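Undergrad: Before we start, here is the structure in question, set down as structure tokens.
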Amino acid sequence: MKLKIMFLAFLVQAFSVSAQVRVEKDIHYAGTAAPSHSLNIYFQKDSTKQRDVIVFIHGGSWSSGKKETYWWLGRNFAKKGVVTAVINYPLAPAATYKEMAQASAQAVKWVKDHIAAYGGNPDRLFLMGHSAGGHLCELINADPRYFEDLGIKNPIKGVVLDDPFGLDMEEYLANAEKDHYYEDFIRTFSTDSKVWQAGSPLFYVKNSNNPHLILYGTKTYEAIKIQSERMNKLLLAQHVPATLKVIEGKKHVGMISQMIFGSNQLYKFILDFFKEVK
């Protein structure tokens with residue numbers, strides 16, 4: 001009965017949001033018609049002011065996930081006045097982590113160039129990712145090669161890492177149990193420890209100089225807790241504004257699925273973070 005009531009409440013919320021929010025789907029951001037290089041934009045039609053912008057990168061162990069799953073995230077943020085782009089990117093085994101990062105950077109560039117048409121402020125562009133998406137967010141933010149290869153400066157105003165997995169893939173893969181998850185990650189990062197390091201955002205943290213909001217749940221994976229804490233400490237040590245929020249009782253998937261509900265506390269944390277970033 002409780003689950004049924006929650007579902008009905010969600011439907012009521014989704015209907016009310018849908019009445020106020022517009023969506024433009026399947027925009028190709030890389031000059032190709034491939035679904036893996038497309039994004040959806042959620043926005044309110046309001047030309048009176050430019051709004052903050054989020055580019056969201058989904059998780060899924062670098063081998064699964066799609067932008068359509070997160071329609072509720074886009075609509076919830078748009079209802080709260082944030083123009084939101086939810087992206088697809090190529091997945092393993094067809095793509096390596098580097099190709100995923102290259103595609104993510106291309107998506108950010110497209111948003112930077114075009115988001116004003118949807119009421120977004122191209123100078124207020126924030127990056128958010130969950131799990132593997134958090135890894136890709138921080139990788140393209142911290143490793144300067146991805147935006148340099150596109151001929152632009154890093155356009156990211158701030159970064160939101162939601163239970164980010166893989167901030168230090170070298171540490172994880174060197175010590176992880178050799179289970180099916182391990183084999184899945186090897187498809188993306190190879191068996192070469194030098195590649196693991198090259199794909200680890202923590203090795204580039206010295207290049208991160210924009211504000212960060214880092215979130216993790218008390219019941220998530222230990223590697224996420226350890227590496228999120230380390231990321232936060234390293235940023236603060238180099239005088240980069242960073243805020244760490246530990247969410248009580250939440251597991252890894254719950255750290256994003258809780259945001260189905262627009263009243264969830266993470267929205268307040270994120271919107272407050274935006275306000276603090278000048």
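In the structure tokens, chains take letters A, B, ... by order of appearance, with residues numbered from 1 within each chain and ligands from 1 in the order shown.
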Using only C-alpha atoms, determine which residues lie at most 10 Å from Lys278 (chain A), disregarding the query and same-chain residues fewer than 5 positions distant; provide the list as a ChimeraX atom specification.

TA: /A:124,157-158,211

Undergrad: Based on DSSP run over this structure's backbone, return all residues of region 74-120 of chain A in alpha helix (DSSP H), as number ranges by chain.

TA: A: 74-79, 97-114

Undergrad: Those selected residues, please, written with N, CA and C atoms and delivered as an mmCIF file, in the first residue's frame.

TA:
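File written: result-v3.cif
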data_model
loop_
_atom_site.group_PDB
_atom_site.id
_atom_site.type_symbol
_atom_site.label_atom_id
_atom_site.label_comp_id
_atom_site.auth_asym_id
_atom_site.auth_seq_id
_atom_site.Cartn_x
_atom_site.Cartn_y
_atom_site.Cartn_z
ATOM 1 N N GLY A 74 15.660 15.600 -15.420
ATOM 2 C CA GLY A 74 15.598 16.778 -16.275
ATOM 3 C C GLY A 74 14.393 17.638 -15.979
ATOM 4 N N ARG A 75 13.252 17.001 -15.817
ATOM 5 C CA ARG A 75 12.018 17.760 -15.565
ATOM 6 C C ARG A 75 12.032 18.409 -14.181
ATOM 7 N N ASN A 76 12.512 17.695 -13.188
ATOM 8 C CA ASN A 76 12.567 18.275 -11.842
ATOM 9 C C ASN A 76 13.477 19.487 -11.803
ATOM 10 N N PHE A 77 14.651 19.387 -12.414
ATOM 11 C CA PHE A 77 15.563 20.535 -12.432
ATOM 12 C C PHE A 77 14.964 21.686 -13.238
ATOM 13 N N ALA A 78 14.353 21.374 -14.377
ATOM 14 C CA ALA A 78 13.780 22.436 -15.201
ATOM 15 C C ALA A 78 12.661 23.158 -14.460
ATOM 16 N N LYS A 79 11.854 22.403 -13.720
ATOM 17 C CA LYS A 79 10.785 23.028 -12.943
ATOM 18 C C LYS A 79 11.347 23.982 -11.904
ATOM 19 N N TYR A 97 37.032 4.099 -22.103
ATOM 20 C CA TYR A 97 36.716 5.238 -21.239
ATOM 21 C C TYR A 97 37.101 6.547 -21.935
ATOM 22 N N LYS A 98 38.190 6.528 -22.691
ATOM 23 C CA LYS A 98 38.658 7.751 -23.341
ATOM 24 C C LYS A 98 37.659 8.226 -24.393
ATOM 25 N N GLU A 99 37.095 7.298 -25.146
ATOM 26 C CA GLU A 99 36.082 7.668 -26.143
ATOM 27 C C GLU A 99 34.820 8.176 -25.473
ATOM 28 N N MET A 100 34.485 7.616 -24.316
ATOM 29 C CA MET A 100 33.332 8.112 -23.557
ATOM 30 C C MET A 100 33.580 9.540 -23.091
ATOM 31 N N ALA A 101 34.788 9.795 -22.595
ATOM 32 C CA ALA A 101 35.134 11.131 -22.131
ATOM 33 C C ALA A 101 35.158 12.131 -23.290
ATOM 34 N N GLN A 102 35.680 11.713 -24.423
ATOM 35 C CA GLN A 102 35.691 12.593 -25.596
ATOM 36 C C GLN A 102 34.274 12.978 -26.006
ATOM 37 N N ALA A 103 33.375 11.997 -25.990
ATOM 38 C CA ALA A 103 31.980 12.281 -26.352
ATOM 39 C C ALA A 103 31.339 13.212 -25.325
ATOM 40 N N SER A 104 31.612 12.980 -24.047
ATOM 41 C CA SER A 104 31.048 13.832 -23.002
ATOM 42 C C SER A 104 31.520 15.278 -23.161
ATOM 43 N N ALA A 105 32.794 15.453 -23.487
ATOM 44 C CA ALA A 105 33.318 16.800 -23.712
ATOM 45 C C ALA A 105 32.658 17.446 -24.933
ATOM 46 N N GLN A 106 32.423 16.660 -25.980
ATOM 47 C CA GLN A 106 31.720 17.186 -27.162
ATOM 48 C C GLN A 106 30.315 17.654 -26.792
ATOM 49 N N ALA A 107 29.639 16.882 -25.939
ATOM 50 C CA ALA A 107 28.295 17.263 -25.510
ATOM 51 C C ALA A 107 28.328 18.586 -24.748
ATOM 52 N N VAL A 108 29.312 18.744 -23.869
ATOM 53 C CA VAL A 108 29.437 19.983 -23.112
ATOM 54 C C VAL A 108 29.688 21.158 -24.059
ATOM 55 N N LYS A 109 30.531 20.969 -25.043
ATOM 56 C CA LYS A 109 30.791 22.039 -26.013
ATOM 57 C C LYS A 109 29.518 22.411 -26.767
ATOM 58 N N TRP A 110 28.743 21.401 -27.191
ATOM 59 C CA TRP A 110 27.497 21.695 -27.893
ATOM 60 C C TRP A 110 26.570 22.517 -27.010
ATOM 61 N N VAL A 111 26.456 22.121 -25.762
ATOM 62 C CA VAL A 111 25.593 22.855 -24.835
ATOM 63 C C VAL A 111 26.093 24.288 -24.661
ATOM 64 N N LYS A 112 27.376 24.441 -24.493
ATOM 65 C CA LYS A 112 27.950 25.782 -24.364
ATOM 66 C C LYS A 112 27.582 26.656 -25.566
ATOM 67 N N ASP A 113 27.638 26.084 -26.742
ATOM 68 C CA ASP A 113 27.403 26.844 -27.982
ATOM 69 C C ASP A 113 25.924 27.117 -28.255
ATOM 70 N N HIS A 114 25.024 26.293 -27.731
ATOM 71 C CA HIS A 114 23.624 26.356 -28.161
ATOM 72 C C HIS A 114 22.604 26.571 -27.048
#

Undergrad: Compile the contact shell of Ser208 (chain A) as a PyMOL selection string: residues with an atom at most 12 Å away, counting only C-alpha atoms, same-chain residues fewer than 3 positions apart removed.

TA: chain A and resi 137-144+154+156-159+201-205+211-212+231-232+234-242

Undergrad: Take the residues from that selection and put them in a file with N, CA and C atoms, as a compact mmCIF listing (two decimals), in the first residue's frame.

TA:
# COMPACT_ATOMS: atom_id res chain seq x y z
N CYS A 137 32.57 13.03 -15.51
CA CYS A 137 32.50 14.46 -15.21
C CYS A 137 33.85 14.99 -14.76
N GLU A 138 34.40 14.33 -13.74
CA GLU A 138 35.65 14.83 -13.17
C GLU A 138 36.82 14.63 -14.12
N LEU A 139 36.78 13.57 -14.93
CA LEU A 139 37.88 13.34 -15.86
C LEU A 139 37.97 14.46 -16.89
N ILE A 140 36.86 14.83 -17.50
CA ILE A 140 36.93 15.88 -18.52
C ILE A 140 37.13 17.25 -17.89
N ASN A 141 36.77 17.38 -16.63
CA ASN A 141 37.00 18.64 -15.93
C ASN A 141 38.46 18.80 -15.53
N ALA A 142 39.09 17.70 -15.08
CA ALA A 142 40.44 17.78 -14.52
C ALA A 142 41.56 17.52 -15.53
N ASP A 143 41.32 16.64 -16.49
CA ASP A 143 42.33 16.36 -17.51
C ASP A 143 42.12 17.34 -18.66
N PRO A 144 43.02 18.30 -18.82
CA PRO A 144 42.79 19.39 -19.78
C PRO A 144 42.75 18.96 -21.23
N ASN A 154 38.17 25.08 -20.74
CA ASN A 154 37.19 24.39 -19.89
C ASN A 154 36.04 25.35 -19.56
N ILE A 156 33.33 24.72 -17.68
CA ILE A 156 32.53 24.24 -16.55
C ILE A 156 32.67 25.17 -15.35
N LYS A 157 31.52 25.68 -14.89
CA LYS A 157 31.51 26.61 -13.76
C LYS A 157 31.68 25.88 -12.43
N GLY A 158 31.09 24.68 -12.33
CA GLY A 158 31.18 23.90 -11.12
C GLY A 158 30.79 22.45 -11.39
N VAL A 159 31.14 21.56 -10.46
CA VAL A 159 30.96 20.13 -10.65
C VAL A 159 30.19 19.54 -9.48
N PRO A 201 40.60 10.34 -12.51
CA PRO A 201 40.54 11.78 -12.28
C PRO A 201 41.39 12.28 -11.11
N LEU A 202 41.58 11.46 -10.08
CA LEU A 202 42.35 11.92 -8.94
C LEU A 202 43.80 12.25 -9.30
N PHE A 203 44.30 11.69 -10.39
CA PHE A 203 45.66 11.99 -10.80
C PHE A 203 45.78 13.36 -11.47
N TYR A 204 44.63 13.98 -11.76
CA TYR A 204 44.64 15.29 -12.41
C TYR A 204 44.03 16.37 -11.51
N VAL A 205 43.79 16.04 -10.25
CA VAL A 205 43.04 16.95 -9.39
C VAL A 205 43.72 18.32 -9.27
N PRO A 211 34.58 25.16 -8.30
CA PRO A 211 33.93 24.62 -7.10
C PRO A 211 33.32 23.24 -7.33
N HIS A 212 33.30 22.44 -6.25
CA HIS A 212 32.77 21.08 -6.29
C HIS A 212 31.77 20.85 -5.16
N MET A 231 39.18 13.14 -2.65
CA MET A 231 38.97 14.22 -3.61
C MET A 231 38.65 15.52 -2.90
N ASN A 232 37.78 15.46 -1.94
CA ASN A 232 37.39 16.66 -1.21
C ASN A 232 38.58 17.27 -0.47
N LEU A 234 41.82 16.93 -1.13
CA LEU A 234 42.80 17.45 -2.07
C LEU A 234 42.35 18.80 -2.65
N LEU A 235 41.07 18.93 -2.96
CA LEU A 235 40.56 20.20 -3.47
C LEU A 235 40.71 21.30 -2.43
N LEU A 236 40.33 21.01 -1.19
CA LEU A 236 40.43 22.01 -0.13
C LEU A 236 41.90 22.39 0.12
N ALA A 237 42.80 21.40 0.02
CA ALA A 237 44.22 21.67 0.25
C ALA A 237 44.79 22.64 -0.78
N GLN A 238 44.21 22.64 -1.98
CA GLN A 238 44.69 23.59 -3.00
C GLN A 238 43.73 24.78 -3.13
N HIS A 239 42.97 25.00 -2.06
CA HIS A 239 42.12 26.19 -1.92
C HIS A 239 41.03 26.29 -2.98
N VAL A 240 40.53 25.14 -3.40
CA VAL A 240 39.37 25.08 -4.30
C VAL A 240 38.12 24.92 -3.46
N PRO A 241 37.09 25.73 -3.66
CA PRO A 241 35.86 25.57 -2.88
C PRO A 241 35.27 24.18 -3.10
N ALA A 242 35.08 23.44 -2.02
CA ALA A 242 34.54 22.08 -2.12
C ALA A 242 33.67 21.80 -0.90

Undergrad: Which of these residues is nearest to Tyr70 (chain A), using only C-alpha atoms: A:Tyr29, A:Lys45, A:Ile226, A:Asn40?

TA: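 Closest residue, counting only C-alpha atoms: A:Asn40.
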
Undergrad: Suppose you want the space between CA of Val55 (chain A) and CA of Phe165 (chain A); what is it in Å?

TA: 17.9 Å

Undergrad: Using only C-alpha atoms, which of the listed residues (A:Ile57, A:Val86, A:Ala223, A:Ile270) sits closest to Phe43 (chain A)?

TA: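 Ranking A:Ile57, A:Val86, A:Ala223, A:Ile270 by distance to Phe43 (chain A), first place goes to A:Val86.
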
Undergrad: Just checking: using only C-alpha atoms, which residue out of A:Arg187, A:Ser200, A:Ile152, A:Tyr146 ends up closest to Pro93 (chain A)?

TA: A:Arg187

Undergrad: Identify which of the residues A:Ile54, A:Ala132, A:Val21, A:Leu73 lies closest to Ala92 (chain A), counting only C-alpha atoms when measuring atom-to-atom distances.

TA: A:Ala132

Undergrad: May I have all residues of region 122-236 of chain A that DSSP, computed from the backbone, assigns to strand (DSSP E), given as a VMD selection string?

TA: chain A and resid 122 to 131 158 to 164 212 to 217

Undergrad: Considering only C-alpha atoms, can you say which of A:Ile27, A:Leu125, A:Ala94, A:Ile87 comes closest to Val53 (chain A)?

TA: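 Of all the options, A:Leu125 lies closest to Val53 (chain A).
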
Undergrad: Give me, please, the distance in Å between CA of Lys245 (chain A) and CA of Lys268 (chain A), quoted to one decimal.

TA: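 These atoms are spaced 11.9 Å apart.
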
Undergrad: Quick one: residues within 9 Å of Met255 (chain A), only C-alpha atoms counted, chain neighbours fewer than 6 positions away excluded, as a PyMOL selection string?

TA: chain A and resi 130+162-163+215-217+220+247+266

Undergrad: Produce a file of the selected residues containing N, CA, C and O atoms, as an mmCIF file, in the first residue's frame.

TA:
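What landed in again_5.cif:
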data_model
loop_
_atom_site.group_PDB
_atom_site.id
_atom_site.type_symbol
_atom_site.label_atom_id
_atom_site.label_comp_id
_atom_site.auth_asym_id
_atom_site.auth_seq_id
_atom_site.Cartn_x
_atom_site.Cartn_y
_atom_site.Cartn_z
ATOM 1 N N HIS A 130 26.474 10.732 -11.907
ATOM 2 C CA HIS A 130 26.321 9.697 -10.883
ATOM 3 C C HIS A 130 27.158 8.490 -11.268
ATOM 4 O O HIS A 130 27.204 8.104 -12.433
ATOM 5 N N ASP A 162 27.828 12.864 -7.716
ATOM 6 C CA ASP A 162 26.848 12.118 -6.926
ATOM 7 C C ASP A 162 27.277 10.657 -6.838
ATOM 8 O O ASP A 162 27.148 9.905 -7.799
ATOM 9 N N ASP A 163 27.812 10.273 -5.682
ATOM 10 C CA ASP A 163 28.301 8.913 -5.468
ATOM 11 C C ASP A 163 29.213 8.481 -6.621
ATOM 12 O O ASP A 163 28.981 7.445 -7.271
ATOM 13 N N LEU A 215 28.785 14.261 -3.152
ATOM 14 C CA LEU A 215 27.759 13.585 -2.373
ATOM 15 C C LEU A 215 28.022 12.082 -2.364
ATOM 16 O O LEU A 215 28.340 11.512 -3.402
ATOM 17 N N TYR A 216 27.891 11.446 -1.210
ATOM 18 C CA TYR A 216 27.885 9.983 -1.192
ATOM 19 C C TYR A 216 27.014 9.473 -0.050
ATOM 20 O O TYR A 216 26.755 10.188 0.917
ATOM 21 N N GLY A 217 26.544 8.239 -0.182
ATOM 22 C CA GLY A 217 25.658 7.648 0.809
ATOM 23 C C GLY A 217 26.418 6.811 1.824
ATOM 24 O O GLY A 217 27.455 6.218 1.510
ATOM 25 N N THR A 220 26.940 3.166 0.640
ATOM 26 C CA THR A 220 27.501 2.930 -0.681
ATOM 27 C C THR A 220 28.775 2.102 -0.574
ATOM 28 O O THR A 220 29.197 1.680 0.504
ATOM 29 N N ILE A 247 25.113 11.358 2.842
ATOM 30 C CA ILE A 247 23.667 11.160 2.930
ATOM 31 C C ILE A 247 23.372 9.881 3.700
ATOM 32 O O ILE A 247 23.722 8.779 3.267
ATOM 33 N N LEU A 266 18.520 16.479 -2.038
ATOM 34 C CA LEU A 266 19.673 16.713 -2.901
ATOM 35 C C LEU A 266 19.462 17.915 -3.812
ATOM 36 O O LEU A 266 20.421 18.616 -4.154
#

Undergrad: Find, counting only C-alpha atoms, the residue in A:Val83, A:Phe273, A:Glu170, A:Val160 that gets nearest to Asp192 (chain A).

TA: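 Closest to Asp192 (chain A), using only C-alpha atoms: A:Glu170.
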
Undergrad: Can you pull out every residue within 12 Å of Lys67 (chain A), counting only C-alpha atoms, but drop anything in the same chain fewer than 3 positions away, and send it as an MDAnalysis selection string?

TA: chainID A and resid 25:27 35:42 55:60 64 70:74 84:90 129 133
